[in-house]
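Shown here: work.pdb, PDB, C-alpha atoms and all ligand atoms.
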```pdb
MODEL        1
ATOM      1  CA  MET A  26     113.613  54.636 133.545
ATOM      2  CA  SER A  27     110.432  56.756 133.465
ATOM      3  CA  ASP A  28     109.530  58.549 130.247
ATOM      4  CA  ARG A  29     110.139  61.873 131.901
ATOM      5  CA  ARG A  30     113.622  60.920 133.035
ATOM      6  CA  MET A  31     114.421  59.578 129.589
ATOM      7  CA  LEU A  32     113.332  62.867 128.069
ATOM      8  CA  LYS A  33     115.443  64.802 130.521
ATOM      9  CA  GLY A  34     118.400  62.633 129.650
ATOM     10  CA  ALA A  35     117.886  63.269 125.929
ATOM     11  CA  ALA A  36     117.588  67.014 126.486
ATOM     12  CA  LEU A  37     120.803  66.977 128.502
ATOM     13  CA  ALA A  38     122.627  65.054 125.796
ATOM     14  CA  ALA A  39     121.412  67.565 123.216
ATOM     15  CA  LEU A  40     122.602  70.440 125.361
ATOM     16  CA  LEU A  41     126.009  68.837 125.804
ATOM     17  CA  ALA A  42     126.285  68.345 122.044
ATOM     18  CA  LEU A  43     125.401  71.985 121.590
ATOM     19  CA  GLY A  44     128.109  73.013 124.031
ATOM     20  CA  ALA A  45     130.640  70.944 122.102
ATOM     21  CA  THR A  46     129.861  72.589 118.738
ATOM     22  CA  GLY A  47     129.390  76.080 120.122
ATOM     23  CA  ALA A  48     125.803  76.462 118.971
ATOM     24  CA  GLN A  49     123.219  74.773 116.856
ATOM     25  CA  ALA A  50     123.904  74.592 113.148
ATOM     26  CA  GLN A  51     121.200  76.192 111.067
ATOM     27  CA  THR A  52     120.093  75.526 107.529
ATOM     28  CA  LEU A  53     118.091  78.413 106.127
ATOM     29  CA  ARG A  54     115.192  77.635 103.814
ATOM     30  CA  SER A  55     115.280  79.905 100.771
ATOM     31  CA  THR A  56     112.582  80.028  98.106
ATOM     32  CA  ASP A  57     112.736  80.715  94.370
ATOM     33  CA  ILE A  58     110.168  80.087  91.640
ATOM     34  CA  HIS A  59     112.890  79.500  89.044
ATOM     35  CA  PRO A  60     114.293  76.070  88.210
ATOM     36  CA  ASP A  61     117.591  74.683  89.403
ATOM     37  CA  GLY A  62     120.453  76.164  87.387
ATOM     38  CA  TYR A  63     118.697  79.516  86.810
ATOM     39  CA  PRO A  64     121.057  82.404  87.727
ATOM     40  CA  THR A  65     119.031  83.547  90.760
ATOM     41  CA  VAL A  66     119.000  80.012  92.205
ATOM     42  CA  GLU A  67     122.735  79.583  91.632
ATOM     43  CA  ALA A  68     123.531  83.010  93.123
ATOM     44  CA  VAL A  69     121.768  82.153  96.395
ATOM     45  CA  LYS A  70     123.530  78.775  96.449
ATOM     46  CA  HIS A  71     126.795  80.687  96.044
ATOM     47  CA  MET A  72     125.873  82.875  99.008
ATOM     48  CA  GLY A  73     125.189  79.674 100.970
ATOM     49  CA  LYS A  74     128.642  78.357 100.124
ATOM     50  CA  LEU A  75     130.282  81.567 101.344
ATOM     51  CA  LEU A  76     128.281  81.457 104.568
ATOM     52  CA  GLU A  77     129.019  77.813 105.240
ATOM     53  CA  GLU A  78     132.767  78.405 104.845
ATOM     54  CA  ARG A  79     132.857  81.545 106.947
ATOM     55  CA  SER A  80     130.634  80.213 109.736
ATOM     56  CA  LYS A  81     132.581  76.932 109.769
ATOM     57  CA  GLY A  82     129.516  74.954 108.819
ATOM     58  CA  LYS A  83     127.162  76.586 111.270
ATOM     59  CA  ILE A  84     125.030  78.494 108.751
ATOM     60  CA  LYS A  85     123.892  76.905 105.515
ATOM     61  CA  ILE A  86     121.278  77.702 102.886
ATOM     62  CA  ASN A  87     118.999  75.207 101.218
ATOM     63  CA  VAL A  88     117.447  76.675  98.061
ATOM     64  CA  PHE A  89     113.968  75.319  97.332
ATOM     65  CA  HIS A  90     113.744  76.107  93.624
ATOM     66  CA  SER A  91     110.926  75.604  91.082
ATOM     67  CA  ALA A  92     108.269  77.126  93.366
ATOM     68  CA  GLN A  93     108.383  74.129  95.730
ATOM     69  CA  LEU A  94     107.421  76.497  98.551
ATOM     70  CA  GLY A  95     104.766  78.332  96.523
ATOM     71  CA  GLN A  96     104.245  81.108  93.987
ATOM     72  CA  GLU A  97     105.860  84.472  94.739
ATOM     73  CA  LYS A  98     102.897  86.370  96.153
ATOM     74  CA  ASP A  99     102.085  83.534  98.579
ATOM     75  CA  THR A 100     105.645  83.213  99.842
ATOM     76  CA  ILE A 101     105.803  86.834 101.033
ATOM     77  CA  GLU A 102     103.576  86.292 104.088
ATOM     78  CA  GLN A 103     105.335  83.054 104.937
ATOM     79  CA  THR A 104     108.672  84.842 104.855
ATOM     80  CA  ARG A 105     107.368  87.619 107.083
ATOM     81  CA  PHE A 106     106.198  85.018 109.584
ATOM     82  CA  GLY A 107     109.525  83.170 109.473
ATOM     83  CA  VAL A 108     108.082  79.947 108.003
ATOM     84  CA  ILE A 109     110.410  80.599 105.066
ATOM     85  CA  ASP A 110     113.790  82.103 106.034
ATOM     86  CA  MET A 111     114.849  83.664 102.736
ATOM     87  CA  ASN A 112     113.161  84.738  99.541
ATOM     88  CA  ARG A 113     114.596  85.577  96.127
ATOM     89  CA  ILE A 114     111.751  87.368  94.471
ATOM     90  CA  ASN A 115     110.991  90.149  92.012
ATOM     91  CA  MET A 116     110.238  93.703  93.190
ATOM     92  CA  ALA A 117     106.786  93.710  91.581
ATOM     93  CA  PRO A 118     104.991  91.433  94.096
ATOM     94  CA  PHE A 119     106.123  93.902  96.796
ATOM     95  CA  ASN A 120     104.806  96.976  94.977
ATOM     96  CA  ASN A 121     101.435  97.081  96.744
ATOM     97  CA  LEU A 122     102.911  96.337 100.167
ATOM     98  CA  ILE A 123     106.034  98.527 100.184
ATOM     99  CA  PRO A 124     105.546 101.831  98.283
ATOM    100  CA  ALA A 125     109.305 102.443  97.818
ATOM    101  CA  THR A 126     109.591  99.280  95.693
ATOM    102  CA  ASN A 127     107.504 100.999  93.019
ATOM    103  CA  ILE A 128     110.418 103.282  92.193
ATOM    104  CA  PRO A 129     112.727 100.757  90.497
ATOM    105  CA  SER A 130     109.694  99.052  88.928
ATOM    106  CA  LEU A 131     108.635 102.262  87.173
ATOM    107  CA  PRO A 132     108.553 101.858  83.380
ATOM    108  CA  PHE A 133     111.597 103.273  81.579
ATOM    109  CA  ILE A 134     113.018 104.762  84.790
ATOM    110  CA  PHE A 135     116.457 103.367  83.956
ATOM    111  CA  ARG A 136     118.188 104.203  80.679
ATOM    112  CA  SER A 137     120.308 101.077  80.704
ATOM    113  CA  VAL A 138     121.433  98.147  82.805
ATOM    114  CA  ALA A 139     124.534 100.142  83.780
ATOM    115  CA  HIS A 140     122.304 102.991  85.003
ATOM    116  CA  MET A 141     120.136 100.540  86.974
ATOM    117  CA  ARG A 142     123.192  98.903  88.580
ATOM    118  CA  LYS A 143     124.664 102.257  89.549
ATOM    119  CA  VAL A 144     121.465 103.438  91.243
ATOM    120  CA  MET A 145     120.659 100.163  92.992
ATOM    121  CA  ASP A 146     124.265  99.698  94.201
ATOM    122  CA  GLY A 147     124.280 103.181  95.730
ATOM    123  CA  PRO A 148     122.493 105.044  98.533
ATOM    124  CA  ILE A 149     119.119 104.993  96.730
ATOM    125  CA  GLY A 150     119.225 101.206  96.523
ATOM    126  CA  ASP A 151     120.221 101.004 100.198
ATOM    127  CA  SER A 152     117.337 103.232 101.214
ATOM    128  CA  ILE A 153     114.889 100.982  99.343
ATOM    129  CA  LEU A 154     116.383  97.873 100.991
ATOM    130  CA  ALA A 155     115.928  99.530 104.385
ATOM    131  CA  GLU A 156     112.161  99.896 103.756
ATOM    132  CA  PHE A 157     111.700  96.122 104.028
ATOM    133  CA  GLU A 158     112.426  96.222 107.789
ATOM    134  CA  LYS A 159     109.073  97.879 108.492
ATOM    135  CA  HIS A 160     107.407  94.808 107.017
ATOM    136  CA  GLY A 161     109.142  92.044 108.938
ATOM    137  CA  LEU A 162     111.830  91.535 106.304
ATOM    138  CA  VAL A 163     115.503  92.362 105.946
ATOM    139  CA  GLY A 164     116.493  93.515 102.449
ATOM    140  CA  LEU A 165     119.816  91.853 101.658
ATOM    141  CA  ALA A 166     120.606  92.569  98.008
ATOM    142  CA  PHE A 167     119.283  93.319  94.547
ATOM    143  CA  TYR A 168     119.872  90.968  91.654
ATOM    144  CA  ASP A 169     119.636  91.868  87.956
ATOM    145  CA  SER A 170     116.583  90.878  86.014
ATOM    146  CA  GLY A 171     117.467  92.268  82.616
ATOM    147  CA  ALA A 172     114.813  94.083  80.614
ATOM    148  CA  ARG A 173     111.206  92.974  80.421
ATOM    149  CA  SER A 174     109.524  93.064  77.000
ATOM    150  CA  PHE A 175     106.095  92.044  75.707
ATOM    151  CA  TYR A 176     105.447  88.793  73.903
ATOM    152  CA  ASN A 177     102.235  87.393  72.505
ATOM    153  CA  SER A 178     100.702  84.783  70.237
ATOM    154  CA  LYS A 179      98.985  87.165  67.805
ATOM    155  CA  GLN A 180     101.283  89.633  66.063
ATOM    156  CA  PRO A 181     104.448  91.679  66.457
ATOM    157  CA  ILE A 182     103.976  94.804  68.576
ATOM    158  CA  ASN A 183     105.443  97.917  66.989
ATOM    159  CA  THR A 184     103.345 100.658  68.549
ATOM    160  CA  PRO A 185     101.034 100.821  71.588
ATOM    161  CA  ALA A 186      98.090 100.635  69.144
ATOM    162  CA  ASP A 187      99.109  97.051  68.308
ATOM    163  CA  MET A 188      98.362  96.106  71.919
ATOM    164  CA  LYS A 189      94.827  97.439  71.938
ATOM    165  CA  GLY A 190      92.489  94.910  73.524
ATOM    166  CA  MET A 191      95.199  92.270  73.983
ATOM    167  CA  LYS A 192      94.960  90.277  77.175
ATOM    168  CA  ILE A 193      98.348  90.535  78.809
ATOM    169  CA  ARG A 194      99.383  88.657  81.936
ATOM    170  CA  VAL A 195     101.044  90.800  84.570
ATOM    171  CA  GLN A 196     102.498  90.161  87.997
ATOM    172  CA  GLN A 197     100.296  90.923  90.994
ATOM    173  CA  SER A 198     101.204  94.600  91.156
ATOM    174  CA  ASP A 199      98.955  97.627  90.637
ATOM    175  CA  MET A 200     101.877  99.351  88.946
ATOM    176  CA  PHE A 201     102.101  96.673  86.261
ATOM    177  CA  ILE A 202      98.324  96.665  85.822
ATOM    178  CA  SER A 203      98.465 100.408  85.291
ATOM    179  CA  LEU A 204     101.419 100.096  82.875
ATOM    180  CA  VAL A 205      99.623  97.609  80.647
ATOM    181  CA  SER A 206      96.304  99.482  80.830
ATOM    182  CA  ALA A 207      98.052 102.707  79.770
ATOM    183  CA  LEU A 208      99.034 100.896  76.563
ATOM    184  CA  GLY A 209      95.406 100.037  75.824
ATOM    185  CA  ALA A 210      95.695  96.330  76.662
ATOM    186  CA  ASN A 211      93.770  94.328  79.267
ATOM    187  CA  ALA A 212      95.996  93.474  82.214
ATOM    188  CA  THR A 213      95.412  90.036  83.740
ATOM    189  CA  PRO A 214      97.264  89.459  87.028
ATOM    190  CA  MET A 215      98.289  85.815  87.282
ATOM    191  CA  ASN A 216     100.880  83.614  88.958
ATOM    192  CA  PHE A 217     104.031  82.948  86.943
ATOM    193  CA  GLY A 218     103.406  79.199  87.057
ATOM    194  CA  GLU A 219     100.048  79.534  85.292
ATOM    195  CA  VAL A 220     101.192  81.610  82.330
ATOM    196  CA  TYR A 221     102.149  78.734  80.013
ATOM    197  CA  SER A 222      98.738  77.099  80.180
ATOM    198  CA  GLY A 223      97.093  80.524  80.043
ATOM    199  CA  LEU A 224      98.840  81.194  76.739
ATOM    200  CA  GLN A 225      98.191  77.716  75.431
ATOM    201  CA  THR A 226      94.451  77.835  76.144
ATOM    202  CA  LYS A 227      94.252  81.458  74.873
ATOM    203  CA  LEU A 228      92.989  82.663  78.225
ATOM    204  CA  ILE A 229      95.627  85.344  77.668
ATOM    205  CA  ASP A 230      97.267  86.602  74.477
ATOM    206  CA  GLY A 231     100.595  87.487  75.932
ATOM    207  CA  ALA A 232     102.815  88.398  78.855
ATOM    208  CA  GLU A 233     106.060  90.260  79.453
ATOM    209  CA  ASN A 234     109.409  89.105  80.699
ATOM    210  CA  ASN A 235     113.170  89.007  80.163
ATOM    211  CA  TRP A 236     114.978  86.567  77.830
ATOM    212  CA  PRO A 237     115.862  83.947  80.472
ATOM    213  CA  SER A 238     112.302  83.654  81.823
ATOM    214  CA  TYR A 239     110.779  83.659  78.322
ATOM    215  CA  GLU A 240     113.117  80.779  77.556
ATOM    216  CA  SER A 241     113.098  78.730  80.784
ATOM    217  CA  THR A 242     109.279  78.653  80.923
ATOM    218  CA  LYS A 243     109.069  77.737  77.239
ATOM    219  CA  HIS A 244     106.578  80.553  76.738
ATOM    220  CA  PHE A 245     108.208  81.116  73.333
ATOM    221  CA  GLU A 246     106.591  77.894  72.171
ATOM    222  CA  VAL A 247     103.088  79.310  72.696
ATOM    223  CA  ALA A 248     103.688  83.065  72.210
ATOM    224  CA  LYS A 249     106.281  83.510  69.496
ATOM    225  CA  PHE A 250     106.153  87.264  68.876
ATOM    226  CA  TYR A 251     108.695  88.914  71.188
ATOM    227  CA  SER A 252     108.798  92.695  70.812
ATOM    228  CA  GLN A 253     111.694  94.471  72.476
ATOM    229  CA  THR A 254     109.853  97.220  74.334
ATOM    230  CA  GLU A 255     112.252  96.820  77.286
ATOM    231  CA  HIS A 256     109.742  98.755  79.367
ATOM    232  CA  SER A 257     110.945  97.646  82.784
ATOM    233  CA  LEU A 258     114.266  96.860  84.389
ATOM    234  CA  SER A 259     112.584  96.065  87.704
ATOM    235  CA  PRO A 260     115.254  94.109  89.604
ATOM    236  CA  GLU A 261     115.030  91.013  91.756
ATOM    237  CA  VAL A 262     115.487  91.303  95.487
ATOM    238  CA  LEU A 263     116.839  88.912  98.109
ATOM    239  CA  VAL A 264     115.215  89.237 101.524
ATOM    240  CA  MET A 265     115.411  87.416 104.843
ATOM    241  CA  SER A 266     112.682  87.031 107.412
ATOM    242  CA  LYS A 267     113.388  89.490 110.224
ATOM    243  CA  LYS A 268     112.345  86.735 112.652
ATOM    244  CA  THR A 269     115.164  84.556 111.345
ATOM    245  CA  PHE A 270     117.676  87.395 111.082
ATOM    246  CA  ASP A 271     117.112  88.461 114.691
ATOM    247  CA  LYS A 272     118.101  85.007 115.935
ATOM    248  CA  PHE A 273     121.686  85.564 114.785
ATOM    249  CA  SER A 274     124.427  87.391 116.693
ATOM    250  CA  ALA A 275     125.588  90.805 115.442
ATOM    251  CA  ASP A 276     128.687  89.210 113.896
ATOM    252  CA  GLU A 277     126.638  86.567 112.135
ATOM    253  CA  GLN A 278     124.238  89.195 110.839
ATOM    254  CA  LYS A 279     127.181  91.081 109.363
ATOM    255  CA  MET A 280     128.446  87.855 107.811
ATOM    256  CA  ILE A 281     125.019  87.193 106.245
ATOM    257  CA  LYS A 282     124.732  90.699 104.801
ATOM    258  CA  ALA A 283     128.257  90.574 103.380
ATOM    259  CA  ALA A 284     127.740  87.156 101.769
ATOM    260  CA  ALA A 285     124.496  88.384 100.183
ATOM    261  CA  LYS A 286     126.190  91.477  98.736
ATOM    262  CA  GLU A 287     129.067  89.354  97.446
ATOM    263  CA  SER A 288     126.674  87.013  95.666
ATOM    264  CA  VAL A 289     125.609  89.956  93.472
ATOM    265  CA  ALA A 290     128.810  89.772  91.405
ATOM    266  CA  LYS A 291     128.282  86.045  90.874
ATOM    267  CA  MET A 292     124.688  86.705  89.865
ATOM    268  CA  ARG A 293     125.715  89.335  87.298
ATOM    269  CA  GLU A 294     128.286  87.059  85.749
ATOM    270  CA  LEU A 295     125.752  84.212  85.455
ATOM    271  CA  TRP A 296     123.006  86.565  84.324
ATOM    272  CA  ASP A 297     124.932  88.187  81.490
ATOM    273  CA  ALA A 298     125.861  84.780  80.093
ATOM    274  CA  ARG A 299     122.343  83.382  80.498
ATOM    275  CA  GLU A 300     120.700  86.349  78.764
ATOM    276  CA  LYS A 301     122.758  85.725  75.643
ATOM    277  CA  ALA A 302     122.228  81.979  75.740
ATOM    278  CA  SER A 303     118.474  82.336  76.276
ATOM    279  CA  GLU A 304     118.087  84.829  73.445
ATOM    280  CA  ALA A 305     119.909  82.488  71.079
ATOM    281  CA  LYS A 306     117.803  79.541  72.243
ATOM    282  CA  VAL A 307     114.426  81.222  71.730
ATOM    283  CA  ARG A 308     115.439  82.578  68.328
ATOM    284  CA  ALA A 309     116.513  79.099  67.288
ATOM    285  CA  GLY A 310     113.257  77.768  68.744
ATOM    286  CA  GLY A 311     111.136  79.905  66.425
ATOM    287  CA  ALA A 312     110.603  83.148  68.333
ATOM    288  CA  GLN A 313     110.036  86.100  66.015
ATOM    289  CA  VAL A 314     111.800  89.054  67.545
ATOM    290  CA  ASN A 315     111.384  92.706  66.615
ATOM    291  CA  THR A 316     112.814  95.937  67.971
ATOM    292  CA  VAL A 317     110.481  98.876  68.591
ATOM    293  CA  GLU A 318     110.737 102.618  68.626
ATOM    294  CA  LYS A 319     110.424 103.240  72.339
ATOM    295  CA  GLN A 320     109.315 106.873  72.450
ATOM    296  CA  PRO A 321     105.555 106.250  71.919
ATOM    297  CA  PHE A 322     105.669 103.688  74.733
ATOM    298  CA  ILE A 323     107.525 106.118  77.000
ATOM    299  CA  ASP A 324     104.991 108.858  76.192
ATOM    300  CA  ALA A 325     102.103 106.531  77.083
ATOM    301  CA  MET A 326     103.487 106.073  80.612
ATOM    302  CA  LYS A 327     102.425 109.517  81.846
ATOM    303  CA  PRO A 328      99.366 108.259  83.758
ATOM    304  CA  VAL A 329     101.495 105.596  85.460
ATOM    305  CA  TYR A 330     103.915 108.220  86.772
ATOM    306  CA  GLU A 331     100.995 110.437  87.799
ATOM    307  CA  LYS A 332      99.454 107.589  89.770
ATOM    308  CA  PHE A 333     102.557 106.201  91.459
ATOM    309  CA  VAL A 334     104.878 109.171  91.841
ATOM    310  CA  LYS A 335     102.588 111.260  93.986
ATOM    311  CA  ASP A 336     104.334 112.959  96.883
ATOM    312  CA  GLN A 337     107.265 115.348  96.673
ATOM    313  CA  ALA A 338     109.711 112.844  98.204
ATOM    314  CA  MET A 339     108.941 110.341  95.439
ATOM    315  CA  LYS A 340     109.216 113.044  92.767
ATOM    316  CA  ASP A 341     112.613 114.092  94.122
ATOM    317  CA  LEU A 342     113.801 110.507  94.136
ATOM    318  CA  VAL A 343     112.738 109.953  90.523
ATOM    319  CA  ALA A 344     114.490 113.181  89.497
ATOM    320  CA  LYS A 345     117.619 112.071  91.352
ATOM    321  CA  ILE A 346     117.610 108.705  89.570
ATOM    322  CA  GLN A 347     117.122 110.342  86.180
ATOM    323  CA  ALA A 348     119.982 112.771  86.893
ATOM    324  CA  GLU A 349     122.370 109.946  87.754
ATOM    325  CA  LYS A 350     124.900 109.700  84.930
TER     326      LYS A 350
HETATM  327  C1  LIG A 401     110.863  86.781  86.352
HETATM  328  C2  LIG A 401     111.337  87.047  87.752
HETATM  329  C3  LIG A 401     110.465  86.318  88.732
HETATM  330  C4  LIG A 401     109.011  86.659  88.500
HETATM  331  C5  LIG A 401     108.628  86.418  87.071
HETATM  332  C6  LIG A 401     107.178  86.817  86.813
HETATM  333  O1  LIG A 401     111.628  87.534  85.460
HETATM  334  O2  LIG A 401     112.654  86.583  87.901
HETATM  335  O3  LIG A 401     110.883  86.642  90.031
HETATM  336  O4  LIG A 401     108.797  87.989  88.822
HETATM  337  O5  LIG A 401     109.482  87.130  86.207
HETATM  338  O6  LIG A 401     106.915  87.437  85.805
HETATM  339  O7  LIG A 401     106.311  86.472  87.626
ENDMDL
END
```
Let me see whether you can do it: turn the structure in this file into structure tokens.
Ligand code: GTR
Amino acid sequence: MSDRRMLKGAALAALLALGATGAQAQTLRSTDIHPDGYPTVEAVKHMGKLLEERSKGKIKINVFHSAQLGQEKDTIEQTRFGVIDMNRINMAPFNNLIPATNIPSLPFIFRSVAHMRKVMDGPIGDSILAEFEKHGLVGLAFYDSGARSFYNSKQPINTPADMKGMKIRVQQSDMFISLVSALGANATPMNFGEVYSGLQTKLIDGAENNWPSYESTKHFEVAKFYSQTEHSLSPEVLVMSKKTFDKFSADEQKMIKAAAKESVAKMRELWDAREKASEAKVRAGGAQVNTVEKQPFIDAMKPVYEKFVKDQAMKDLVAKIQAEK
């Protein structure tokens, strides 16, 4: 048989197999910088389980955890191009690209986790998710990320003055640079994966994050002063490449969106438990934790709001969020 005829035969066999199963099974590649077992990783796996059941094995998700597919900022482009199908990522790396994502990242915008959940579960959250479409992405769901607080290797932070001149790692977001600068510290944008060595070599004095990330990265070993400023409740977001999403039928798209939304409850359950466990672990591991009076930090955020809440639409949205009971 000639090569060409053999190829044709193989193509035909593949087509026949396709006909027998209905369509080609697809395993979606999803990225996460967190390690296996971290709540975000497990929540996306849970979504994958739901999808596999409901699609009768046709749609699956493979979660590439531990930054196997790259650091957050780098994975955004790849997701837009469809090289990566799904991305569980924080809002902050989107801040410069998608203006609406600045809103939930604003310092002290939410009074509590309950307030954050209420806003992000409602029409405001939906309108922010919809903004991703203009950038080649489909916003599927928000996941909790707790409260971010500052930690450093030098001293406890009680007032903004204690941060003066400190080199603080931030995510690659102008909003976070502005936040840290407003407190008198030097903001150093850096990938998450480089923070441990940055702290160890004293390239930076500190960073900011929630309990589970402070714990899982072992940053508490090299920056033991954790000061509960709780300045940001910026949530995580789960997005799909629009290129990938558009390949599915309308019914499958609905199934994907529903499974993503349903994974939120799983995420919250895992998150709440992990926050407590992580806090206990870092305290036992030597972290020195202090609470702070938040008002001076809130007052210092005026320039951040002036810079990022510019037009009337944004101002209205912020007022609406603050009015939400
Ligand atoms: C974590 C978050 C990550 C990433 C990281 C960081 O809390 O889950 O997506 O944003 O912080 O600081 O880079």
Next item on the list: Using all atoms listed in the file, find each protein or nucleic acid residue lying at most 9 Å from ligand LIG 401 (chain A); present the set as a VMD selection string.
Entry: chain A and resid 57 to 59 65 96 to 97 113 to 118 169 to 173 194 to 197 215 to 218 220 232 to 239 259 to 262
Checklist line | Spatial neighbours of Ile149 of chain A, 10 Å, only C-alpha atoms, chain gap at least 6 places, as a PyMOL selection string | finding: chain A and resi 128-129+143+155+342+345-346
Mind dumping a table of every segment 203-313 of chain A residue within 10 Å of segment 76-92 of chain A, with the nearest atom pair and its distance in Å to one decimal, using all atoms listed in the file, sorted by chain and rising number, as a tab-separated table?
```
residue	atom	partner	partner_atom	distance
A:Phe217	CA	A:Ala92	CA	9.6
A:Gly218	CA	A:Ala92	CA	8.2
A:Phe273	CA	A:Ile84	CA	9.9
A:Glu277	CA	A:Ser80	CA	7.9
A:Met280	CA	A:Leu76	CA	7.2
A:Ile281	CA	A:Leu76	CA	6.8
A:Lys282	CA	A:Leu76	CA	9.9
A:Ala283	CA	A:Leu76	CA	9.2
A:Ala284	CA	A:Leu76	CA	6.4
A:Ala285	CA	A:Leu76	CA	9.0
```
Next item on the list: Could you tell me which residues the PyMOL selection byres (((chain A and resi 145) around 12) and not hetatm) returns for this structure, as a ChimeraX atom specification?
Entry: /A:126,128-130,135,138-144,146-154,166-169,258-262,286,289,346,349
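Residues within 8 Å of segment 244-246 of chain A, counting all atoms listed in the file and excluding same-chain residues fewer than 4 positions away, are A:Val220, A:Tyr221, A:Leu224, A:Tyr239, A:Glu240, A:Phe250, A:Val307, A:Gly310, A:Gly311, A:Ala312.
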